[in-house]
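Take a look at the structure set out below.
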Amino acid sequence: MSPRSYRGHHPSPRVTAPESPLVKAWSNPELVPSLLSFLLREPEAFKGLTTGGELMGGLYKLESVGHTTAAIRARAEALLILLDGKQRAAALLPIDSPDWMRWFNGVEMPHGLSLRTATHTQRHAVLELVRASLSTRGYDQVQGAMLLNEVLGELVGNTSILNAWNYAIAIFGAPSAHEPWGWQLQGHHVAVNCFILGDQIVATPLFIGAEPAIVDEGPLMGLSILQEEERAGFELLHALDPAQRDTAVIFESMLQQNLPPGRYTSADQRMQAGAFRDNAILPYEGVAGADMTASQRAKLADLVELYVSRLPSGHDRVKMSEVMRHVSETHFSWIGSSGPEDPFYYKVHSPVILIEFDHHSGVALDNPQPEKFHVHTLVRTPNGNDYGKDLLRQHYEHFHTEPK
């Protein structure tokens with residue numbers, strides 16, 4: 001089996017840690033509150049990702065960007081109409097609810113409307129909301145991650161839990177043309193947070209992963225996600241000259257035992273800005289755009305665009321313009337070897353975007369070291385605008401004396 005792909009089977013596929021709280025929670029989601037109670041703690045007051053503990057101001061503006069969000073609002077309203085009173089109460093949460101920050105890659109968190117118990121029509125309406133809020137490519141990646149979750153369930157013999165519908169949808173605030181609102185879809189390998197204010201969209205934190213990331217046989221043969229993100233990161237590293245590459249590669253080994261304290265966690269492995277890390281302090285690392293040639297910066301932009309292009313048409317251009325205004329301050333770093341078959345981690349970090357890509361070791365499957373068939377990606381908006389928080393703050397200051 002090539003480490004580049006997963007061919008629909010795995011040597012003795014099994015759950016790697018059958019007694020772990022995460023695997024028990026997969027077996028019975030009702031156990032989440034008792035087994036994973038740390039996930040339900042009150043989140044700390046939101047500040048946002050910084051490089052040194054202090055926010056950079058003036059990065060995000062309340063403004064009309066000229067690209068409508070009406071279709072997103074219509075799809076959210078159509079979904080709410082389909083819900084009964086109990087379901088609506090579960091799905092509709094206040095705009096300032098701390099549940100925005102209670103997403104976790106491993107399990108469906110117990111807020112929002114569970115798609116496990118939703119009707120076919122309600123599930124379809126949720127997918128249509130996701131489709132309206134993202135580009136075709138972004139939607140395909142989210143739905144692909146959900147379908148691949150069922151592939152994983154088939155591999156480990158647990159499709160009752162690891163399936164395409166073990167996710168929850170929450171809508172924060174009433175869908176509105178003028179007031180802030182948004183939605184969150186979360187569960188295993190998917191956490192999409194979409195904040196909307198007028199015609200502005202902030203779609204972070206956005207976590208998409210897969211184990212496996214490619215299916216080479218069976219009913220879903222040909223399904224794959226995150227392969228372009230892998231290729232573009234590899235190509236950017238290899239576009240650097242030797243001195244630049246020495247700066248970009250911050251650790252040559254992916255392995256936990258070869259990384260310093262604090263650079264590896266069991267939940268996120270090498271990723272630093274995962275769930276419950278909304279206020280992480282992450283200094284810049286690696287090679288800066290200011291020290292790249294024009295062609296290298298073009299490859300950096302191509303890499304970032306793969307993630308930004310998950311936004312709807314027009315909104316992606318707005319975000320890319322924002323990113324490119326800070327291209328000189330954008331840093332690219334790498335962990336791992338650089339051979340074509342080697343797993344790796346990379347990070348792209350600027351004042352207005354943070355991207356992490358990581359090849360993981362097995363969680364449900366039995367590979368003890370990172371392999372290319374298990375991929376996690378994360379996009380955040382540093383300096384206080386994850387979940388649209390900075391835009392929300394400005395909205396309150398301009399139009400409200402207190403949250404509504």
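Going by the structure tokens order, chains are called A, B, ..., each with residues numbered from 1, while ligands are numbered from 1 in the order shown.
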Please report, as a ChimeraX atom specification, each residue of range 164-369 of chain A to which DSSP assigns alpha helix (DSSP H) when run on this structure's backbone.
/A:227-239,242-248,294-308,315-324
Mind writing the picked residues with N, CA and C atoms as a short mmCIF file (atom, residue, chain, number, x, y, z; two decimals), in the first residue's frame?
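again_10.cif, written as the output of this step:
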data_model
loop_
_atom_site.label_atom_id
_atom_site.label_comp_id
_atom_site.auth_asym_id
_atom_site.auth_seq_id
_atom_site.Cartn_x
_atom_site.Cartn_y
_atom_site.Cartn_z
N GLN A 227 -6.10 16.57 -1.13
CA GLN A 227 -4.90 16.18 -1.88
C GLN A 227 -4.24 17.39 -2.53
N GLU A 228 -5.02 18.36 -2.99
CA GLU A 228 -4.43 19.57 -3.55
C GLU A 228 -3.69 20.36 -2.49
N GLU A 229 -4.24 20.40 -1.29
CA GLU A 229 -3.58 21.10 -0.19
C GLU A 229 -2.25 20.44 0.15
N GLU A 230 -2.21 19.11 0.08
CA GLU A 230 -0.96 18.39 0.29
C GLU A 230 0.06 18.73 -0.80
N ARG A 231 -0.37 18.65 -2.05
CA ARG A 231 0.53 18.88 -3.17
C ARG A 231 1.09 20.30 -3.16
N ALA A 232 0.23 21.29 -2.92
CA ALA A 232 0.68 22.68 -2.99
C ALA A 232 1.66 23.02 -1.88
N GLY A 233 1.46 22.45 -0.69
CA GLY A 233 2.43 22.66 0.38
C GLY A 233 3.78 22.07 0.05
N PHE A 234 3.76 20.85 -0.50
CA PHE A 234 5.00 20.19 -0.92
C PHE A 234 5.72 21.01 -1.99
N GLU A 235 4.97 21.53 -2.95
CA GLU A 235 5.58 22.30 -4.04
C GLU A 235 6.17 23.61 -3.53
N LEU A 236 5.51 24.24 -2.58
CA LEU A 236 6.07 25.48 -2.04
C LEU A 236 7.38 25.21 -1.33
N LEU A 237 7.43 24.17 -0.51
CA LEU A 237 8.68 23.86 0.18
C LEU A 237 9.80 23.65 -0.83
N HIS A 238 9.51 22.93 -1.91
CA HIS A 238 10.55 22.59 -2.87
C HIS A 238 10.84 23.73 -3.84
N ALA A 239 10.06 24.81 -3.77
CA ALA A 239 10.39 26.01 -4.55
C ALA A 239 11.38 26.89 -3.81
N PRO A 242 18.00 26.30 -0.76
CA PRO A 242 18.44 25.58 0.44
C PRO A 242 18.45 26.42 1.71
N ALA A 243 18.88 27.66 1.64
CA ALA A 243 18.91 28.50 2.83
C ALA A 243 17.50 28.80 3.32
N GLN A 244 16.59 29.10 2.40
CA GLN A 244 15.20 29.35 2.78
C GLN A 244 14.57 28.10 3.37
N ARG A 245 14.90 26.95 2.79
CA ARG A 245 14.31 25.71 3.30
C ARG A 245 14.81 25.43 4.72
N ASP A 246 16.07 25.74 4.97
CA ASP A 246 16.60 25.57 6.33
C ASP A 246 15.82 26.43 7.33
N THR A 247 15.40 27.60 6.90
CA THR A 247 14.60 28.47 7.76
C THR A 247 13.17 27.96 7.91
N ALA A 248 12.61 27.45 6.83
CA ALA A 248 11.22 26.98 6.84
C ALA A 248 11.05 25.72 7.68
N ALA A 294 9.43 36.68 -6.17
CA ALA A 294 8.07 36.88 -6.69
C ALA A 294 7.42 35.54 -7.05
N SER A 295 8.19 34.64 -7.66
CA SER A 295 7.60 33.35 -8.04
C SER A 295 7.29 32.50 -6.81
N GLN A 296 8.11 32.60 -5.77
CA GLN A 296 7.82 31.87 -4.54
C GLN A 296 6.58 32.44 -3.85
N ARG A 297 6.46 33.77 -3.84
CA ARG A 297 5.26 34.37 -3.26
C ARG A 297 4.01 33.97 -4.04
N ALA A 298 4.15 33.78 -5.34
CA ALA A 298 3.02 33.33 -6.14
C ALA A 298 2.59 31.93 -5.72
N LYS A 299 3.56 31.06 -5.44
CA LYS A 299 3.22 29.71 -4.96
C LYS A 299 2.60 29.77 -3.57
N LEU A 300 3.09 30.70 -2.73
CA LEU A 300 2.48 30.89 -1.41
C LEU A 300 1.03 31.33 -1.57
N ALA A 301 0.77 32.25 -2.48
CA ALA A 301 -0.60 32.70 -2.73
C ALA A 301 -1.46 31.56 -3.26
N ASP A 302 -0.90 30.73 -4.14
CA ASP A 302 -1.65 29.58 -4.66
C ASP A 302 -2.05 28.63 -3.53
N LEU A 303 -1.14 28.43 -2.58
CA LEU A 303 -1.43 27.56 -1.45
C LEU A 303 -2.55 28.14 -0.60
N VAL A 304 -2.44 29.41 -0.25
CA VAL A 304 -3.48 30.05 0.56
C VAL A 304 -4.82 30.01 -0.15
N GLU A 305 -4.80 30.21 -1.46
CA GLU A 305 -6.05 30.28 -2.22
C GLU A 305 -6.82 28.97 -2.19
N LEU A 306 -6.13 27.85 -2.04
CA LEU A 306 -6.83 26.57 -1.93
C LEU A 306 -7.76 26.57 -0.71
N TYR A 307 -7.35 27.21 0.34
CA TYR A 307 -8.17 27.28 1.55
C TYR A 307 -9.20 28.40 1.46
N VAL A 308 -8.80 29.54 0.94
CA VAL A 308 -9.72 30.68 0.82
C VAL A 308 -10.81 30.38 -0.20
N HIS A 315 -16.68 36.45 -2.32
CA HIS A 315 -16.18 36.51 -0.94
C HIS A 315 -14.75 35.96 -0.86
N ASP A 316 -14.44 34.99 -1.72
CA ASP A 316 -13.07 34.48 -1.75
C ASP A 316 -12.09 35.55 -2.22
N ARG A 317 -12.51 36.39 -3.19
CA ARG A 317 -11.64 37.46 -3.67
C ARG A 317 -11.42 38.52 -2.59
N VAL A 318 -12.47 38.79 -1.82
CA VAL A 318 -12.33 39.76 -0.73
C VAL A 318 -11.29 39.26 0.27
N LYS A 319 -11.37 37.99 0.63
CA LYS A 319 -10.42 37.45 1.60
C LYS A 319 -9.01 37.38 1.02
N MET A 320 -8.88 36.98 -0.24
CA MET A 320 -7.54 36.92 -0.82
C MET A 320 -6.90 38.30 -0.90
N SER A 321 -7.69 39.33 -1.18
CA SER A 321 -7.14 40.69 -1.19
C SER A 321 -6.63 41.07 0.19
N GLU A 322 -7.39 40.67 1.21
CA GLU A 322 -6.97 40.93 2.59
C GLU A 322 -5.66 40.20 2.90
N VAL A 323 -5.57 38.94 2.50
CA VAL A 323 -4.36 38.16 2.74
C VAL A 323 -3.17 38.76 2.01
N MET A 324 -3.36 39.15 0.75
CA MET A 324 -2.23 39.64 -0.04
C MET A 324 -1.73 40.99 0.44
#
Quick one: everything within 8 Å of Gly144 in chain A, counting only C-alpha atoms, minus sequence neighbours fewer than 5 positions away in the same chain. Send it as a short mmCIF file (atom, residue, chain, number, x, y, z; two decimals) with N, CA and C atoms, in the first residue's frame.
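As a result, result_18.cif now contains:
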data_model
loop_
_atom_site.label_atom_id
_atom_site.label_comp_id
_atom_site.auth_asym_id
_atom_site.auth_seq_id
_atom_site.Cartn_x
_atom_site.Cartn_y
_atom_site.Cartn_z
N LEU A 223 -13.38 8.86 -4.29
CA LEU A 223 -13.61 9.95 -3.34
C LEU A 223 -12.30 10.29 -2.64
N SER A 224 -11.92 11.56 -2.66
CA SER A 224 -10.72 12.00 -1.94
C SER A 224 -10.88 13.47 -1.61
N ILE A 225 -10.23 13.90 -0.56
CA ILE A 225 -10.19 15.31 -0.21
C ILE A 225 -8.79 15.67 0.28
#
What lies within 9 Å of His178 in chain A using only C-alpha atoms, ignoring chain neighbours under 4 positions off, as JSON, numbers by chain?
{"A": [197, 198, 199]}
Per residue of range 242-328 of chain A within 9 Å of range 98-101 of chain A, record the nearest atom pair and its distance in Å to one decimal, counting only C-alpha atoms, with rows in chain order and ascending residue number, as JSON lines.
{"residue": "A:Ala275", "atom": "CA", "partner": "A:Met101", "partner_atom": "CA", "distance": 7.8}
{"residue": "A:Phe276", "atom": "CA", "partner": "A:Met101", "partner_atom": "CA", "distance": 6.9}
{"residue": "A:Asp278", "atom": "CA", "partner": "A:Met101", "partner_atom": "CA", "distance": 7.7}
Using only C-alpha atoms, which of the listed residues (A:Leu255, A:Val363, A:Ile250, A:Ile72) sits closest to Pro175 in chain A?
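Comparing A:Leu255, A:Val363, A:Ile250, A:Ile72 against Pro175 in chain A, the winner is A:Ile72.
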Record the distance separating CA of Thr121 in chain A and CA of Leu83 in chain A, expressed in Å with one decimal.
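CA of Thr121 in chain A sits 10.1 Å away from CA of Leu83 in chain A.
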Which is closest to Asn279 in chain A among A:Asp386, A:Ser97, A:Arg325, A:Leu148, if we use only C-alpha atoms?
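Looking only at the distances to Asn279 in chain A, the closest residue turns out to be A:Asp386.
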Counting only C-alpha atoms, the option among A:Ala76, A:Ala213, A:Leu392, A:Ile281 closest to Val375 in chain A
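Under the stated criterion, the closest residue is A:Ala213.
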